[in-house]
file my_file.txt (compact mmCIF, C-alpha atoms)
# COMPACT_ATOMS: atom_id res chain seq x y z
CA MET H 22 -37.76 -0.98 53.57
CA LYS H 23 -40.13 -3.66 52.27
CA PRO H 24 -39.72 -4.79 48.66
CA LEU H 25 -41.38 -2.36 46.25
CA THR H 26 -43.52 -3.12 43.22
CA ILE H 27 -42.96 -0.47 40.56
CA ALA H 28 -44.99 -0.48 37.33
CA ILE H 29 -43.53 1.15 34.23
CA ALA H 30 -46.43 2.26 32.03
CA SER H 31 -47.05 4.92 29.41
CA GLY H 32 -50.36 5.21 27.69
CA LYS H 33 -48.76 5.88 24.32
CA GLY H 34 -46.77 3.02 22.79
CA GLY H 35 -43.13 3.33 21.80
CA THR H 36 -42.20 5.92 24.42
CA GLY H 37 -39.52 3.79 26.11
CA LYS H 38 -41.21 1.67 28.80
CA THR H 39 -39.03 -1.36 28.23
CA THR H 40 -35.88 0.75 27.96
CA ILE H 41 -36.60 2.38 31.33
CA ALA H 42 -37.70 -0.88 32.96
CA VAL H 43 -34.65 -2.84 31.79
CA ASN H 44 -32.12 -0.15 32.74
CA LEU H 45 -33.73 0.37 36.13
CA ALA H 46 -33.71 -3.39 36.78
CA LEU H 47 -30.00 -3.59 35.87
CA ALA H 48 -28.95 -0.51 37.89
CA VAL H 49 -30.58 -1.42 41.20
CA PRO H 50 -29.60 -4.39 43.40
CA ASN H 51 -32.09 -6.98 44.63
CA VAL H 52 -34.60 -6.49 41.82
CA GLN H 53 -36.74 -8.80 39.70
CA TYR H 54 -37.87 -7.83 36.18
CA LEU H 55 -41.38 -8.95 35.18
CA ASP H 56 -42.42 -8.42 31.56
CA CYS H 57 -46.20 -7.91 31.68
CA ASP H 58 -46.38 -6.75 28.04
CA VAL H 59 -47.51 -10.26 27.14
CA GLU H 60 -48.58 -9.42 23.59
CA ALA H 61 -45.03 -8.27 22.76
CA PRO H 62 -42.62 -9.14 25.60
CA ASN H 63 -39.30 -7.70 24.46
CA GLY H 64 -37.30 -7.06 27.64
CA HIS H 65 -35.46 -10.31 26.93
CA LEU H 66 -33.89 -8.70 23.84
CA PHE H 67 -31.84 -6.50 26.22
CA LEU H 68 -31.47 -8.86 29.19
CA HIS H 69 -30.53 -12.07 27.31
CA PRO H 70 -31.71 -14.57 29.93
CA LYS H 71 -29.84 -17.88 29.64
CA THR H 72 -32.41 -20.53 30.36
CA LEU H 73 -36.11 -19.94 30.70
CA THR H 74 -38.48 -22.43 32.30
CA THR H 75 -41.86 -22.19 30.62
CA ALA H 76 -45.30 -23.26 31.83
CA ALA H 77 -48.72 -23.01 30.20
CA VAL H 78 -51.28 -20.46 31.38
CA ARG H 79 -54.74 -22.00 31.42
CA VAL H 80 -58.20 -20.57 31.93
CA LEU H 81 -61.51 -22.33 32.58
CA LEU H 82 -64.13 -22.59 29.85
CA PRO H 83 -67.65 -24.01 30.28
CA GLN H 84 -68.46 -27.16 28.35
CA ILE H 85 -72.14 -27.96 27.90
CA ASP H 86 -73.43 -31.53 27.93
CA ASP H 87 -76.13 -31.40 25.23
CA GLU H 88 -77.74 -34.56 26.63
CA LEU H 89 -78.29 -33.04 30.08
CA CYS H 90 -78.92 -29.40 29.05
CA THR H 91 -82.62 -28.44 29.05
CA GLY H 92 -82.01 -25.13 27.24
CA CYS H 93 -83.46 -23.10 30.13
CA GLY H 94 -81.08 -20.20 29.36
CA ASP H 95 -80.13 -19.44 32.98
CA CYS H 96 -76.43 -19.67 32.01
CA ALA H 97 -76.71 -17.17 29.15
CA ASN H 98 -78.73 -14.77 31.33
CA ALA H 99 -76.08 -14.94 34.06
CA CYS H 100 -73.18 -14.30 31.66
CA GLU H 101 -72.04 -10.68 31.93
CA PHE H 102 -69.88 -11.09 28.82
CA ASN H 103 -72.48 -12.54 26.41
CA ALA H 104 -70.28 -15.60 25.88
CA LEU H 105 -73.24 -18.01 25.74
CA ALA H 106 -76.11 -18.12 23.26
CA VAL H 107 -79.16 -20.36 23.62
CA THR H 108 -80.46 -21.88 20.39
CA LYS H 109 -83.20 -24.46 19.97
CA GLN H 110 -80.61 -27.21 19.43
CA ARG H 111 -78.01 -26.36 22.04
CA VAL H 112 -76.21 -23.71 24.06
CA LEU H 113 -73.24 -22.27 22.16
CA VAL H 114 -70.08 -21.20 24.02
CA PHE H 115 -67.83 -18.46 22.60
CA ALA H 116 -64.38 -18.94 24.12
CA ASP H 117 -63.04 -15.53 23.13
CA LEU H 118 -65.84 -13.76 25.01
CA CYS H 119 -65.60 -15.93 28.15
CA HIS H 120 -63.89 -14.39 31.20
CA SER H 121 -63.82 -17.70 33.14
CA CYS H 122 -65.94 -16.29 35.97
CA GLY H 123 -67.85 -19.55 36.54
CA ALA H 124 -71.26 -17.83 36.86
CA CYS H 125 -72.80 -20.15 34.22
CA SER H 126 -71.95 -23.36 36.03
CA TYR H 127 -72.92 -21.77 39.36
CA VAL H 128 -76.47 -20.92 38.22
CA CYS H 129 -77.07 -24.05 36.09
CA PRO H 130 -79.92 -25.99 37.75
CA ILE H 131 -78.89 -29.34 36.22
CA SER H 132 -76.01 -31.09 37.95
CA GLY H 133 -73.34 -32.03 35.43
CA ALA H 134 -74.81 -30.11 32.48
CA ILE H 135 -71.93 -27.61 32.63
CA THR H 136 -68.40 -28.66 33.42
CA GLU H 137 -65.44 -26.33 33.26
CA ILE H 138 -62.51 -27.47 31.15
CA GLU H 139 -59.04 -25.92 31.00
CA ARG H 140 -57.87 -24.09 27.90
CA ASP H 141 -54.30 -22.92 27.10
CA ILE H 142 -54.12 -19.20 26.31
CA GLY H 143 -50.43 -18.46 26.73
CA THR H 144 -47.25 -19.17 28.64
CA VAL H 145 -45.29 -17.79 31.55
CA SER H 146 -41.49 -18.15 31.68
CA ILE H 147 -39.02 -17.60 34.49
CA GLY H 148 -35.25 -17.41 34.34
CA VAL H 149 -32.15 -15.44 35.25
CA ALA H 150 -30.19 -12.91 33.20
CA GLU H 151 -26.72 -12.64 34.77
CA LYS H 152 -27.91 -12.17 38.35
CA LEU H 153 -31.26 -10.57 37.53
CA PRO H 154 -34.28 -12.85 37.98
CA ILE H 155 -36.83 -12.33 35.26
CA ALA H 156 -40.34 -13.53 34.45
CA GLN H 157 -42.28 -12.93 31.27
CA GLY H 158 -45.62 -13.87 29.80
CA LEU H 159 -46.62 -14.58 26.23
CA LEU H 160 -50.23 -14.53 25.04
CA ASN H 161 -51.04 -17.01 22.29
CA ILE H 162 -51.74 -15.48 18.87
CA GLY H 163 -55.46 -14.88 18.37
CA GLU H 164 -56.36 -14.78 22.06
CA SER H 165 -58.29 -11.69 23.09
CA SER H 166 -57.60 -11.34 26.83
CA ALA H 167 -54.07 -10.79 28.15
CA VAL H 168 -55.26 -10.42 31.76
CA PRO H 169 -54.92 -14.08 32.90
CA VAL H 170 -51.37 -14.23 31.49
CA ILE H 171 -50.42 -10.99 33.28
CA LYS H 172 -51.85 -12.41 36.51
CA ALA H 173 -49.66 -15.50 36.00
CA VAL H 174 -46.58 -13.28 35.49
CA ARG H 175 -47.31 -11.28 38.64
CA GLU H 176 -47.69 -14.54 40.59
CA GLN H 177 -43.99 -15.17 39.84
CA ALA H 178 -43.02 -12.18 42.01
CA LEU H 179 -40.28 -13.15 44.46
CA PRO H 180 -41.09 -12.30 48.09
CA LEU H 181 -37.85 -10.54 49.05
CA GLN H 182 -37.01 -8.65 45.86
CA HIS H 183 -38.16 -5.34 44.42
CA ARG H 184 -40.30 -5.91 41.33
CA ILE H 185 -40.14 -3.89 38.14
CA LEU H 186 -43.29 -4.50 36.09
CA ASP H 187 -42.97 -3.66 32.40
CA ALA H 188 -46.58 -2.75 31.48
CA PRO H 189 -48.25 -3.05 28.08
CA PRO H 190 -49.07 0.22 26.26
CA GLY H 191 -52.53 1.72 26.44
CA THR H 192 -54.92 2.17 29.35
CA ALA H 193 -57.16 -0.87 28.91
CA CYS H 194 -57.57 -4.05 31.02
CA ALA H 195 -54.00 -5.31 30.46
CA MET H 196 -52.42 -2.05 31.66
CA VAL H 197 -54.84 -1.88 34.61
CA GLU H 198 -53.96 -5.46 35.63
CA THR H 199 -50.26 -4.55 35.62
CA VAL H 200 -50.54 -1.28 37.54
CA ARG H 201 -53.17 -2.45 40.05
CA GLY H 202 -51.70 -2.85 43.54
CA ALA H 203 -48.28 -1.45 42.61
CA ASP H 204 -46.54 0.84 45.12
CA TYR H 205 -45.71 3.34 42.39
CA CYS H 206 -46.24 3.83 38.67
CA LEU H 207 -43.56 5.40 36.53
CA LEU H 208 -45.14 6.86 33.41
CA VAL H 209 -42.83 7.16 30.42
CA THR H 210 -43.84 9.69 27.81
CA GLU H 211 -42.53 12.04 25.17
CA PRO H 212 -43.23 15.79 24.84
CA THR H 213 -45.64 15.57 21.92
CA PRO H 214 -49.41 16.10 21.59
CA PHE H 215 -49.88 12.30 21.26
CA GLY H 216 -47.71 11.74 24.32
CA LEU H 217 -49.74 14.25 26.32
CA ASN H 218 -53.12 12.88 25.23
CA ASP H 219 -52.23 9.33 26.30
CA LEU H 220 -50.42 10.53 29.43
CA GLU H 221 -53.61 12.20 30.65
CA LEU H 222 -55.49 8.90 30.18
CA ALA H 223 -52.76 6.94 31.99
CA VAL H 224 -52.67 9.41 34.90
CA GLY H 225 -56.46 8.98 35.16
CA VAL H 226 -56.03 5.21 35.50
CA THR H 227 -53.31 5.46 38.15
CA ARG H 228 -55.47 7.86 40.17
CA ALA H 229 -58.52 5.61 39.88
CA LEU H 230 -56.34 2.73 41.13
CA GLY H 231 -54.86 4.82 43.93
CA VAL H 232 -51.29 4.27 42.70
CA PRO H 233 -49.03 7.34 42.99
CA CYS H 234 -47.25 8.23 39.75
CA GLY H 235 -44.23 10.12 38.47
CA LEU H 236 -42.89 10.86 35.02
CA VAL H 237 -39.93 9.95 32.86
CA LEU H 238 -39.72 12.33 29.90
CA ASN H 239 -38.05 10.58 26.99
CA ARG H 240 -36.67 12.51 23.98
CA CYS H 241 -37.13 15.56 26.24
CA ASP H 242 -35.51 17.96 23.75
CA VAL H 243 -38.03 17.43 20.93
CA GLY H 244 -41.70 18.43 20.70
CA ASP H 245 -43.31 21.12 22.83
CA HIS H 246 -43.79 22.22 26.46
CA THR H 247 -47.35 20.98 26.94
CA VAL H 248 -46.37 17.75 28.80
CA LEU H 249 -44.25 19.70 31.30
CA ASP H 250 -46.99 22.29 31.73
CA TYR H 251 -49.49 19.49 32.41
CA CYS H 252 -47.18 17.83 34.97
CA HIS H 253 -46.65 21.14 36.74
CA GLU H 254 -50.37 21.81 36.84
CA GLN H 255 -51.20 18.28 38.07
CA ARG H 256 -48.26 18.18 40.52
CA ILE H 257 -46.75 15.11 38.86
CA PRO H 258 -42.99 14.98 39.55
CA VAL H 259 -40.65 14.59 36.56
CA LEU H 260 -38.05 12.15 37.91
CA LEU H 261 -35.86 11.75 34.82
CA SER H 262 -35.44 13.50 31.47
CA ILE H 263 -33.68 11.71 28.63
CA PRO H 264 -32.37 13.63 25.60
CA TYR H 265 -32.79 12.47 22.03
CA LYS H 266 -29.23 11.20 21.38
CA ARG H 267 -27.90 9.08 18.55
CA ALA H 268 -25.58 7.13 20.89
CA LEU H 269 -28.56 6.02 22.99
CA ALA H 270 -30.53 4.95 19.92
CA GLU H 271 -27.53 3.00 18.61
CA ALA H 272 -27.04 1.11 21.87
CA TYR H 273 -30.75 0.34 21.94
CA SER H 274 -30.73 -0.91 18.34
CA ARG H 275 -27.96 -3.38 19.25
CA GLY H 276 -29.82 -4.66 22.30
CA ILE H 277 -27.31 -3.07 24.69
CA PRO H 278 -28.84 -1.47 27.80
CA TRP H 279 -27.69 2.11 28.41
CA VAL H 280 -26.37 1.26 31.88
CA THR H 281 -24.03 -1.24 30.20
CA ALA H 282 -23.06 1.03 27.30
CA GLN H 283 -22.42 4.16 29.40
CA PRO H 284 -21.57 4.02 33.16
CA ALA H 285 -22.99 7.54 33.65
CA TRP H 286 -26.45 6.13 32.92
CA ARG H 287 -26.10 3.55 35.71
CA GLU H 288 -25.79 6.44 38.18
CA ARG H 289 -28.75 8.24 36.63
CA PHE H 290 -30.96 5.18 36.99
CA GLN H 291 -29.77 4.67 40.58
CA THR H 292 -30.75 8.28 41.27
CA LEU H 293 -34.12 7.58 39.62
CA TRP H 294 -34.63 4.61 41.96
CA GLN H 295 -33.81 6.74 45.00
CA ALA H 296 -36.30 9.34 43.79
CA ILE H 297 -38.98 6.63 43.43
CA GLU H 298 -38.26 5.34 46.96
CA LYS H 299 -38.62 8.88 48.31
CA GLN H 300 -41.91 9.32 46.43
CA VAL H 301 -43.28 6.06 47.85
CA ILE H 302 -42.33 7.03 51.41
CA ASN H 303 -43.96 10.45 51.02
CA ALA H 304 -47.07 9.16 49.22
CA MET O 13 -92.56 -15.83 7.03
CA LYS O 14 -90.92 -13.46 9.49
CA ILE O 15 -88.08 -11.22 8.33
CA VAL O 16 -85.72 -9.28 10.59
CA ILE O 17 -84.20 -6.09 9.14
CA THR O 18 -81.54 -4.03 10.93
CA SER O 19 -82.74 -0.43 10.91
CA SER O 20 -81.43 2.94 12.05
CA GLY O 21 -84.91 4.14 13.11
CA LEU O 22 -88.43 3.12 14.12
CA ASP O 23 -90.34 3.78 10.89
CA LEU O 24 -90.37 2.35 7.38
CA ASP O 25 -88.41 5.27 5.92
CA SER O 26 -85.42 4.68 8.21
CA ALA O 27 -82.15 3.70 6.59
CA ILE O 28 -80.89 0.12 6.93
CA ASP O 29 -78.34 -0.11 9.78
CA PRO O 30 -75.28 -1.76 8.22
CA LYS O 31 -74.26 -3.37 11.56
CA PHE O 32 -76.02 -6.45 12.87
CA GLY O 33 -75.08 -7.01 16.54
CA ARG O 34 -75.01 -3.33 17.43
CA CYS O 35 -77.76 -2.07 15.11
CA ALA O 36 -79.99 0.68 16.53
CA TYR O 37 -83.35 -0.98 15.81
CA LEU O 38 -84.57 -4.43 14.91
CA ALA O 39 -87.49 -4.34 12.46
CA LEU O 40 -89.67 -7.42 12.25
CA PHE O 41 -91.85 -7.88 9.18
CA ASP O 42 -94.41 -10.69 8.99
CA THR O 43 -95.27 -11.47 5.36
CA ASP O 44 -98.29 -13.57 6.34
CA SER O 45 -100.10 -10.90 8.39
CA ASN O 46 -98.39 -7.97 6.59
CA THR O 47 -97.44 -6.43 9.96
CA PHE O 48 -94.38 -4.38 10.78
CA ASN O 49 -92.90 -3.73 14.20
CA ALA O 50 -89.57 -2.12 15.12
CA THR O 51 -87.96 -2.26 18.56
CA ALA O 52 -84.77 -0.73 19.98
CA ASN O 53 -81.95 -3.27 20.02
CA PRO O 54 -81.36 -4.06 23.72
CA PHE O 55 -77.79 -5.17 22.93
CA GLN O 56 -76.66 -2.08 21.00
CA ASP O 57 -74.36 -0.95 23.82
CA ALA O 58 -73.29 -4.36 25.16
CA ARG O 59 -69.66 -4.29 26.34
CA GLY O 60 -68.93 -7.42 24.33
CA GLY O 61 -70.77 -10.20 22.55
CA ALA O 62 -73.54 -7.99 21.14
CA GLY O 63 -73.72 -10.23 18.07
CA THR O 64 -74.37 -13.45 19.99
CA GLN O 65 -77.23 -11.87 21.95
CA THR O 66 -78.84 -10.04 19.01
CA ALA O 67 -78.71 -13.33 17.09
CA GLN O 68 -80.39 -15.09 20.02
CA TRP O 69 -83.10 -12.40 19.88
CA VAL O 70 -83.65 -13.15 16.17
CA LEU O 71 -84.02 -16.86 16.97
CA ASN O 72 -86.59 -16.06 19.64
CA GLN O 73 -88.75 -14.20 17.05
CA ASN O 74 -88.94 -17.39 14.95
CA ALA O 75 -87.70 -15.38 11.98
CA THR O 76 -86.38 -17.21 8.92
CA VAL O 77 -84.64 -14.37 7.05
CA LEU O 78 -82.22 -11.66 8.22
CA LEU O 79 -81.55 -8.64 6.04
CA THR O 80 -78.56 -6.54 7.16
CA GLY O 81 -75.33 -4.89 6.05
CA HIS O 82 -72.85 -7.22 7.69
CA CYS O 83 -73.24 -10.09 10.15
CA GLY O 84 -70.15 -11.17 12.11
CA PRO O 85 -68.87 -14.74 12.56
CA LYS O 86 -70.18 -15.30 16.10
CA ALA O 87 -73.67 -14.02 15.27
CA SER O 88 -73.65 -16.17 12.11
CA ALA O 89 -72.74 -19.23 14.17
CA VAL O 90 -75.81 -18.68 16.36
CA LEU O 91 -78.13 -18.03 13.39
CA ASN O 92 -76.80 -21.00 11.44
CA THR O 93 -78.03 -23.42 14.12
CA GLU O 94 -81.54 -22.65 12.83
CA ASN O 95 -80.79 -22.37 9.13
CA ILE O 96 -81.80 -18.72 9.07
CA ARG O 97 -81.07 -17.16 5.70
CA ILE O 98 -78.63 -14.28 6.24
CA VAL O 99 -78.63 -11.71 3.43
CA GLU O 100 -75.78 -9.19 3.74
CA GLY O 101 -74.96 -6.03 1.80
CA ILE O 102 -78.49 -4.59 2.13
CA THR O 103 -78.71 -0.80 1.66
CA GLY O 104 -81.43 1.85 1.29
CA THR O 105 -84.50 2.30 3.49
CA VAL O 106 -86.60 -0.40 5.11
CA ARG O 107 -89.49 0.52 2.78
CA GLU O 108 -87.30 0.12 -0.33
CA VAL O 109 -86.03 -3.25 0.87
CA LEU O 110 -89.57 -4.51 1.55
CA ALA O 111 -90.68 -3.28 -1.88
CA GLN O 112 -87.87 -5.26 -3.51
CA LEU O 113 -88.97 -8.33 -1.54
CA ALA O 114 -92.54 -8.01 -2.89
CA HIS O 115 -91.31 -8.33 -6.48
call {"tool": "encode", "arguments": {"input": "my_file.txt", "output": "structure tokens"}}
result
Amino acid sequence: MKPLTIAIASGKGGTGKTTIAVNLALAVPNVQYLDCDVEAPNGHLFLHPKTLTTAAVRVLLPQIDDELCTGCGDCANACEFNALAVTKQRVLVFADLCHSCGACSYVCPISGAITEIERDIGTVSIGVAEKLPIAQGLLNIGESSAVPVIKAVREQALPLQHRILDAPPGTACAMVETVRGADYCLLVTEPTPFGLNDLELAVGVTRALGVPCGLVLNRCDVGDHTVLDYCHEQRIPVLLSIPYKRALAEAYSRGIPWVTAQPAWRERFQTLWQAIEKQVINA
Amino acid sequence: MKIVITSSGLDLDSAIDPKFGRCAYLALFDTDSNTFNATANPFQDARGGAGTQTAQWVLNQNATVLLTGHCGPKASAVLNTENIRIVEGITGTVREVLAQLAH
């Protein structure tokens, strides 16, 4: 079987994405863990990678030469993101609105009036934890778009290994960038009204992206039945249910993965992986 | 002197819109000709950067004063290139604000 790319997403934050991603990565052979939650990458707290090699993630930003610019406004008109404003003195560039598409310099009629400079927005790190290769991104504080950093993390994917992508919470651009093109999306949720609301949004995204999805129900013995009813109705398979247990919370709080703390959990995550493989084959 | 006022409606009795970039209507009052004209803000539903574009619109009207509730940092940066006086914290209706100006 070709290497699989599995995204672990949730919609709602704090449901256990990283816990599931880390334990799955440790339980299955020939896997790489990629932390795409670049605003708060925390898989390393459980994986303890020894040495990380870090490189800057850079994006292009237009720079206007005020001497050459005629103020025609073609650049601002072409900008889909309203990152340029034409004033009588000069054209202003707003870096936090720019998506580095290059349309402004493409349409500019004056050669040399717009040049694109590189700007650091974050870092990408690669390393190994025991035998598990890992990659993680980190968005600089104050930056508004995580997408280029997530792209840089996904570019670290090794060709012959399965990839576990730890997605950011929510259903906005950063989550879309992580789930896009994956073979399967594992959605981690909890049986609460908040969990259900955000699960419905996340399922909508995976369907729009054409990525098949299945569910991990965390803290399955609290809350209500509405998440299970929804999954039944939408034919979303529940691949693993995890009870609300003090021992699990304690291991987590010490940064010890469950598969390390309790051998029974290693088997459960291996079974989860087999279930995912079966889902991908049948999708 | 041309004054731009962010408004929630087309007429003089509309309430001031407290937002700048995403205000519903942009009211333009010319103190020299005593004329008033309100237009729908074309950038109200912009996905991002509404402030920069609404500010550019204000520049294109050759206005010298902006009366609004709150003007964000990016819009202010655009308006400040022309030394436009930005007055924030404006409340009430457009008519009441213009009456205060006359005094």
call {"tool": "residues_around", "arguments": {"input": "my_file.txt", "residues": "Gln84 of chain H", "least_positions_apart": "4", "cutoff": "6 Å", "atoms": "all atoms listed in the file", "output": "list in words"}}
result
Ile135, Thr136 and Glu137 of chain H
call {"tool": "atom_distance", "arguments": {"input": "my_file.txt", "atom1": "atom CA of Ala62 of chain O", "atom2": "atom CA of Ser132 of chain H"}}
result
28.7 Å
call {"tool": "atom_distance", "arguments": {"input": "my_file.txt", "atom1": "atom CA of Gln68 of chain O", "atom2": "atom CA of Asn161 of chain H"}}
result
29.5 Å
call {"tool": "residues_around", "arguments": {"input": "my_file.txt", "residues": "Thr51 of chain O", "least_positions_apart": "2", "cutoff": "8 Å", "atoms": "all atoms listed in the file", "output": "list in words"}}
result
Leu22, Tyr37, Leu38, Ala39, Asn49 and Asn53 of chain O
call {"tool": "residues_around", "arguments": {"input": "my_file.txt", "residues": "segment 174-178 of chain H", "least_positions_apart": "2", "cutoff": "10 Å", "atoms": "all atoms listed in the file", "output": "PyMOL selection string"}}
result
chain H and resi 26+53-59+78+144-147+154-159+168-172+180-186+198-199
call {"tool": "write_last_selection", "arguments": {"input": "my_file.txt", "atoms": "C-alpha atoms", "output": "compact mmCIF listing (two decimals), in the coordinates of the input"}}
result
# COMPACT_ATOMS: atom_id res chain seq x y z
CA THR H 26 -43.52 -3.12 43.22
CA GLN H 53 -36.74 -8.80 39.70
CA TYR H 54 -37.87 -7.83 36.18
CA LEU H 55 -41.38 -8.95 35.18
CA ASP H 56 -42.42 -8.42 31.56
CA CYS H 57 -46.20 -7.91 31.68
CA ASP H 58 -46.38 -6.75 28.04
CA VAL H 59 -47.51 -10.26 27.14
CA VAL H 78 -51.28 -20.46 31.38
CA THR H 144 -47.25 -19.17 28.64
CA VAL H 145 -45.29 -17.79 31.55
CA SER H 146 -41.49 -18.15 31.68
CA ILE H 147 -39.02 -17.60 34.49
CA PRO H 154 -34.28 -12.85 37.98
CA ILE H 155 -36.83 -12.33 35.26
CA ALA H 156 -40.34 -13.53 34.45
CA GLN H 157 -42.28 -12.93 31.27
CA GLY H 158 -45.62 -13.87 29.80
CA LEU H 159 -46.62 -14.58 26.23
CA VAL H 168 -55.26 -10.42 31.76
CA PRO H 169 -54.92 -14.08 32.90
CA VAL H 170 -51.37 -14.23 31.49
CA ILE H 171 -50.42 -10.99 33.28
CA LYS H 172 -51.85 -12.41 36.51
CA PRO H 180 -41.09 -12.30 48.09
CA LEU H 181 -37.85 -10.54 49.05
CA GLN H 182 -37.01 -8.65 45.86
CA HIS H 183 -38.16 -5.34 44.42
CA ARG H 184 -40.30 -5.91 41.33
CA ILE H 185 -40.14 -3.89 38.14
CA LEU H 186 -43.29 -4.50 36.09
CA GLU H 198 -53.96 -5.46 35.63
CA THR H 199 -50.26 -4.55 35.62
call {"tool": "closest_residue", "arguments": {"input": "my_file.txt", "among": "H:Trp286, H:Val80, H:Gly32, H:Gln295", "to": "Glu221 of chain H", "atoms": "all atoms listed in the file"}}
result
H:Gly32
call {"tool": "interface_residues", "arguments": {"input": "my_file.txt", "of": "chain O", "to": "chain H", "cutoff": "9 Å", "atoms": "only C-alpha atoms", "output": "list in words"}}
result
Ala58, Arg59, Gly60, Gly61, Ala62, Gly63, Thr64, Gln65, Ala67, Gln68, Leu71, Asn72, Lys86, Ala89, Val90, Leu91, Thr93 and Glu94 of chain O
call {"tool": "closest_residue", "arguments": {"input": "my_file.txt", "among": "O:Val109, O:Ile15, O:His82, O:Ser88", "to": "Thr43 of chain O", "atoms": "all atoms listed in the file"}}
result
O:Ile15
call {"tool": "residues_around", "arguments": {"input": "my_file.txt", "residues": "Met13 of chain O", "least_positions_apart": "5", "cutoff": "10 Å", "atoms": "all atoms listed in the file", "output": "PyMOL selection string"}}
result
chain O and resi 41-46+74-77
call {"tool": "atom_distance", "arguments": {"input": "my_file.txt", "atom1": "atom CA of Arg201 of chain H", "atom2": "atom CA of Pro278 of chain H"}}
result
27.3 Å
call {"tool": "residues_around", "arguments": {"input": "my_file.txt", "residues": "segment 256-265 of chain H", "least_positions_apart": "6", "cutoff": "6 Å", "atoms": "all atoms listed in the file", "output": "ChimeraX atom specification"}}
result
/H:235-242
call {"tool": "residues_near_point", "arguments": {"input": "my_file.txt", "point": "(-74.6, -14.4, 6.2)", "cutoff": "9 Å", "atoms": "all atoms listed in the file", "output": "VMD selection string"}}
result
chain O and resid 78 80 82 to 85 88 91 to 92 96 to 100
call {"tool": "closest_residue", "arguments": {"input": "my_file.txt", "among": "O:Pro54, O:Phe48, O:Lys14, O:Ile28", "to": "Val106 of chain O", "atoms": "only C-alpha atoms"}}
result
O:Ile28
call {"tool": "closest_residue", "arguments": {"input": "my_file.txt", "among": "H:Lys71, H:Arg228, H:Gly244, H:Glu211", "to": "Glu151 of chain H", "atoms": "all atoms listed in the file"}}
result
H:Lys71
call {"tool": "decode", "arguments": {"input": "my_file.txt", "residues": "segment 41-53 of chain O", "atoms": "N, CA and C atoms", "output": "CSV table (one decimal), in the first residue's frame"}}
result
chain,number,residue,atom,x,y,z
O,41,PHE,N,-20.6,65.6,2.9
O,41,PHE,CA,-21.2,67.0,3.1
O,41,PHE,C,-20.2,68.0,2.7
O,42,ASP,N,-20.7,68.9,1.8
O,42,ASP,CA,-19.8,70.0,1.3
O,42,ASP,C,-20.2,71.3,1.9
O,43,THR,N,-19.4,71.8,2.8
O,43,THR,CA,-19.8,73.1,3.5
O,43,THR,C,-19.9,74.3,2.6
O,44,ASP,N,-19.1,74.3,1.5
O,44,ASP,CA,-19.1,75.4,0.6
O,44,ASP,C,-20.4,75.5,-0.2
O,45,SER,N,-20.9,74.4,-0.7
O,45,SER,CA,-22.1,74.4,-1.5
O,45,SER,C,-23.3,74.0,-0.7
O,46,ASN,N,-23.1,73.6,0.5
O,46,ASN,CA,-24.2,73.1,1.4
O,46,ASN,C,-24.9,71.9,0.8
O,47,THR,N,-24.2,71.0,0.2
O,47,THR,CA,-24.8,69.8,-0.4
O,47,THR,C,-24.5,68.6,0.4
O,48,PHE,N,-25.4,67.6,0.3
O,48,PHE,CA,-25.3,66.4,1.0
O,48,PHE,C,-25.6,65.2,0.1
O,49,ASN,N,-24.7,64.2,0.2
O,49,ASN,CA,-24.9,63.1,-0.7
O,49,ASN,C,-24.4,61.8,0.0
O,50,ALA,N,-25.3,60.8,0.1
O,50,ALA,CA,-24.8,59.6,0.8
O,50,ALA,C,-24.8,58.4,-0.2
O,51,THR,N,-23.8,57.6,-0.2
O,51,THR,CA,-23.7,56.4,-1.1
O,51,THR,C,-23.4,55.2,-0.3
O,52,ALA,N,-23.9,54.0,-0.8
O,52,ALA,CA,-23.6,52.8,-0.1
O,52,ALA,C,-22.1,52.5,-0.2
O,53,ASN,N,-21.5,52.0,1.0
O,53,ASN,CA,-20.1,51.8,1.0
O,53,ASN,C,-19.8,50.5,0.2
